[in-house]
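As structure tokens, the structure follows; a few thoughts come after it.
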Amino acid sequence: MIKNRREFLTTGVRAGAAISVLGAPSLDSARAMGLGSSPPPRGSSHPLRILILGGTSFLGPHQIAYAMKRGHSITIFTRGRTEPTVHQGLFKDVEHLIGDREDNLEALKGRTWDAVIDNSGSRVAWTRDSARLLRDSADVYLYTSSTGVYYPYLGADIGEETELVLEVPAGIDDEQEMEYGFGVMKANSEIEARREFGADRTITVRPTYMMGPADRTDRFTYWPVRLSRGGEIMVPGQGKDPVQYIDVRDVADWMIRLIESRGIGTFNAVGPASATGMHAFVYGAHAAFSSAASFVMIPDYEFLQEHGVGYSIPWIRPTGDNYGSARVNNQSAIANGLTFRPLADSVRDIHDWWYSDAVQQERRERMESGPRSLMAREAEIIAAWRAR
Ligand SMILES: NC(=O)c1ccc[n+]([C@@H]2O[C@H](COP(=O)([O-])OP(=O)(O)OC[C@H]3O[C@@H](n4cnc5c(N)ncnc54)[C@H](OP(=O)(O)O)[C@@H]3O)[C@@H](O)[C@H]2O)c1
């Protein structure tokens with residue numbers, strides 16, 4: 001447990017002096033920006049009391065499972081609407097506070113915790129208000145941000161020190177507005193968390209696309225499902241197009257270890273460990289199954305665009321504003337204890353979860369054969385590719 005704030009601050013500053021941050025301009029400016037500055041996690045020796053703002057959707061249940069395994073106690077704060085679809089059995093031992101980040105934080109008043117994890121920060125004011133309310137009630141605030149803060153992704157090696165866009169520019173199209181809007185919201189929320197708790201008590205984690213059991217987006221899940229079936233499989237993109245992704249459990253576990261080790265700083269939570277191209281990803285993911293498969297590589301971006309395949313996560317056409325979306329640097333996170341389970345393990349677990357009771361049949365049908373399903377159009381696209 002973090003015994004008192006003075007001990008915490010001393011530890012944080014000492015640790016900061018020992019570690020240099022990749023690509024950081026200087027240690028002082030790195031500290032001011034809250035960049036990575038702690039030693040690798042050592043494991044927990046004290047039970048902590050952790051408050052999760054959120055906790056019942058995708059990332060939260062995995063954080064809870066890992067934290068409880070390590071002896072920590074958990075309180076969650078939600079509106080009471082979203083039910084967990086994995087690790088449900090653990091929630092009987094989780095304290096559940098009900099409120100609304102929009103206008104009702106009453107349940108958080110008059111309590112203390114060792115650390116707060118802000119998963120549900122999807123408005124700047126939400127993070128500002130909760131961090132302000134909790135700054136004297138908890139020692140550490142971990143804000144779950146996103147690599148979306150780097151949009152537009154123009155760099156070839158995007159590090160944590162990259163200057164962020166803090167305002168949505170005028171005169172942009174709808175898609176850009178959505179991308180900018182999310183990144184700008186996350187970037188300003190990071191600033192609010194640091195403003196209230198101080199850079200020396202704030203951890204900021206910026207995950208790339210997370211995949212894993214309980215994913216609600218059905219983006220990455222396409223690949224485990226498709227690869228398990230085998231046959232002729234369309235692979236969009238060029239072989240060396242970079243791809244990045246991370247198992248939600250690797251992020252969740254690492255966040256808990258960062259809290260245990262007072263790993264103050266800002267980190268990109270991005271896998272895999274080293275640069276990977278789209279073809280290497282597909283072969284690696286297919287290793288999870290024994291299905292017979294042949295791959296139809298479609299490297300022509302214009303053809304793909306014409307056939308409505310601008311992306312197939314983790315592949316995203318690496319041009320224009322998305323040039324660097326899968327070129328995010330993960331060295332500081334790795335130096336500070338981020339680890340990655342093998343891709344084939346993630347893919348197999350996602351497949352097993354997809355065909356378990358946790359997922360409704362209707363949802364499976366929508367992804368596999370619904371009107372907007374890429375899987376349903378695949379044979380047609382392959383035929384058009386061959387006939388061009
Ligand atoms: N998925 C990705 O690939 C990805 C990548 C990068 C970053 N991220 C970030 O990761 C974070 C994790 O999201 P998650 O859904 O997995 O987290 P989670 O902690 O599992 O769930 C989100 C929680 O927020 C609660 N919530 C929503 N609106 C609320 C409100 N007005 N007041 C109080 N609670 C509210 C929901 O419960 P109720 O509905 O019951 O209130 C739910 O428990 C997000 O910040 C996301 O931006 C995700």
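We name chains A, B, ... following the order of the structure tokens; residues begin at 1 in each chain, and ligands are numbered from 1 as shown.
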
Could the residues of segment 203-226 of chain A that have an atom at most 12 Å from segment 275-290 of chain A be listed as a tab-separated table, each with its closest atom pair and the distance in Å to one decimal, counting only C-alpha atoms and ordered by chain and ascending residue number?
```
residue	atom	partner	partner_atom	distance
A:Phe220	CA	A:Ala285	CA	11.1
A:Thr221	CA	A:Ala285	CA	11.3
A:Tyr222	CA	A:Ala285	CA	11.5
A:Trp223	CA	A:Ala285	CA	7.8
A:Pro224	CA	A:Ala285	CA	7.3
A:Val225	CA	A:His286	CA	10.2
A:Arg226	CA	A:His286	CA	9.4
```

From the DSSP assignment of the backbone, select every residue of segment 239-358 of chain A that is alpha helix (DSSP H), and format the answer as number ranges by chain. A: 248-260, 278-286, 301-306, 331-335, 343-354

At most 9 Å from ligand 1 (only C-alpha atoms and all ligand atoms): residue list as number ranges by chain: A: 52-63, 76-84, 98-105, 117-122, 126, 143-148, 182, 186, 205-211, 214-217, 219, 245-246, 248, 269

Please dump the current selection as an mmCIF file, in the first residue's frame; keep C-alpha atoms.
```cif
data_model
loop_
_atom_site.group_PDB
_atom_site.id
_atom_site.type_symbol
_atom_site.label_atom_id
_atom_site.label_comp_id
_atom_site.auth_asym_id
_atom_site.auth_seq_id
_atom_site.Cartn_x
_atom_site.Cartn_y
_atom_site.Cartn_z
ATOM 1 C CA ILE A 52 -12.520 1.810 -11.070
ATOM 2 C CA LEU A 53 -14.668 4.436 -12.772
ATOM 3 C CA GLY A 54 -16.368 1.964 -15.080
ATOM 4 C CA GLY A 55 -15.428 -1.663 -14.731
ATOM 5 C CA THR A 56 -18.220 -3.687 -16.298
ATOM 6 C CA SER A 57 -17.628 -3.602 -20.054
ATOM 7 C CA PHE A 58 -14.463 -4.742 -21.863
ATOM 8 C CA LEU A 59 -11.302 -3.643 -20.045
ATOM 9 C CA GLY A 60 -12.823 -3.436 -16.567
ATOM 10 C CA PRO A 61 -13.624 -7.103 -15.876
ATOM 11 C CA HIS A 62 -10.079 -8.115 -16.871
ATOM 12 C CA GLN A 63 -8.575 -5.491 -14.558
ATOM 13 C CA ILE A 76 -16.539 0.184 -9.173
ATOM 14 C CA PHE A 77 -18.590 3.243 -10.050
ATOM 15 C CA THR A 78 -21.138 2.987 -12.873
ATOM 16 C CA ARG A 79 -24.751 3.888 -13.693
ATOM 17 C CA GLY A 80 -25.673 0.223 -13.165
ATOM 18 C CA ARG A 81 -26.649 -0.334 -16.791
ATOM 19 C CA THR A 82 -23.824 -2.341 -18.375
ATOM 20 C CA GLU A 83 -23.515 -5.948 -17.230
ATOM 21 C CA PRO A 84 -20.180 -7.768 -17.436
ATOM 22 C CA ILE A 98 -24.003 3.795 -8.427
ATOM 23 C CA GLY A 99 -23.969 7.275 -9.922
ATOM 24 C CA ASP A 100 -23.518 9.107 -13.186
ATOM 25 C CA ARG A 101 -20.374 10.868 -14.350
ATOM 26 C CA GLU A 102 -22.561 13.432 -16.044
ATOM 27 C CA ASP A 103 -24.218 14.801 -12.944
ATOM 28 C CA ASN A 104 -24.074 12.556 -9.870
ATOM 29 C CA LEU A 105 -20.780 11.783 -8.122
ATOM 30 C CA ILE A 117 -8.608 3.906 -12.646
ATOM 31 C CA ASP A 118 -10.612 6.095 -15.004
ATOM 32 C CA ASN A 119 -11.827 3.763 -17.759
ATOM 33 C CA SER A 120 -15.068 5.523 -18.569
ATOM 34 C CA GLY A 121 -13.603 8.962 -19.270
ATOM 35 C CA SER A 122 -15.320 9.775 -22.504
ATOM 36 C CA TRP A 126 -16.083 13.851 -16.567
ATOM 37 C CA TYR A 143 -6.373 7.609 -16.924
ATOM 38 C CA THR A 144 -7.194 5.160 -19.713
ATOM 39 C CA SER A 145 -6.459 7.176 -22.819
ATOM 40 C CA SER A 146 -5.826 5.941 -26.371
ATOM 41 C CA THR A 147 -3.298 6.144 -29.190
ATOM 42 C CA GLY A 148 -6.151 8.084 -30.821
ATOM 43 C CA PHE A 182 -12.014 11.463 -30.043
ATOM 44 C CA LYS A 186 -8.679 12.061 -24.802
ATOM 45 C CA VAL A 205 -1.971 4.688 -20.564
ATOM 46 C CA ARG A 206 -2.638 5.004 -24.287
ATOM 47 C CA PRO A 207 -3.721 1.621 -25.692
ATOM 48 C CA THR A 208 -3.908 0.900 -29.388
ATOM 49 C CA TYR A 209 -6.741 -1.379 -30.686
ATOM 50 C CA MET A 210 -7.500 -3.784 -27.876
ATOM 51 C CA MET A 211 -8.748 -7.248 -28.679
ATOM 52 C CA ALA A 214 -15.644 -9.359 -24.039
ATOM 53 C CA ASP A 215 -14.758 -7.016 -26.918
ATOM 54 C CA ARG A 216 -17.953 -5.204 -27.875
ATOM 55 C CA THR A 217 -16.790 -3.909 -31.243
ATOM 56 C CA ARG A 219 -13.511 -5.456 -35.235
ATOM 57 C CA TYR A 245 -2.889 -4.412 -31.597
ATOM 58 C CA ILE A 246 -2.869 -5.581 -27.997
ATOM 59 C CA VAL A 248 -6.989 -6.357 -23.487
ATOM 60 C CA ALA A 269 0.203 0.340 -24.614
#
```

Nearest residue to Val235 of chain A out of A:Ala376, A:His351, A:Gly337, A:Met297, using only C-alpha atoms?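 Smallest separation from Val235 of chain A among the options: A:Met297.
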
Measuring between only C-alpha atoms, which one of A:Met185, A:Ala273, A:Val86, A:Ile74 shows the shortest distance to Arg249 of chain A?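 Smallest distance to Arg249 of chain A is found for A:Val86.
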
Pick from A:Ile313, A:Ala170, A:Met178, A:Ile259 nearest to Pro47 of chain A, counting only C-alpha atoms: A:Ile259

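Of note, atom CA of Ser130 of chain A and atom CA of Gly71 of chain A are spaced 25.5 Å apart.
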
What's around segment 323-335 of chain A at 7 Å? Count only C-alpha atoms, leave out sequence neighbours fewer than 4 positions away in its own chain, and write the answer as number ranges by chain. A: 21-22, 36, 40, 153-159, 242-244, 267-270, 318-319, 339

Take atom CA of Lys92 of chain A and atom CA of Glu106 of chain A and report the distance between them in Å, one decimal.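 Going from atom CA of Lys92 of chain A over to atom CA of Glu106 of chain A, I get 22.4 Å.
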
If we count only C-alpha atoms and set the cut-off at 6 Å, which residues sit around Leu142 of chain A, ignoring sequence neighbours fewer than 5 positions away in its own chain? Please answer as a PDB file with C-alpha atoms, in the first residue's frame.
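Printed below is result.pdb as written:
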```pdb
ATOM      1  CA  ILE A 117      -8.608   3.906 -12.646  1.00  0.00           C
ATOM      2  CA  THR A 202      -0.906  10.444 -12.585  1.00  0.00           C
ATOM      3  CA  ILE A 203      -0.468   7.438 -14.840  1.00  0.00           C
ATOM      4  CA  THR A 204      -1.659   7.795 -18.421  1.00  0.00           C
TER       5      THR A 204
END
```
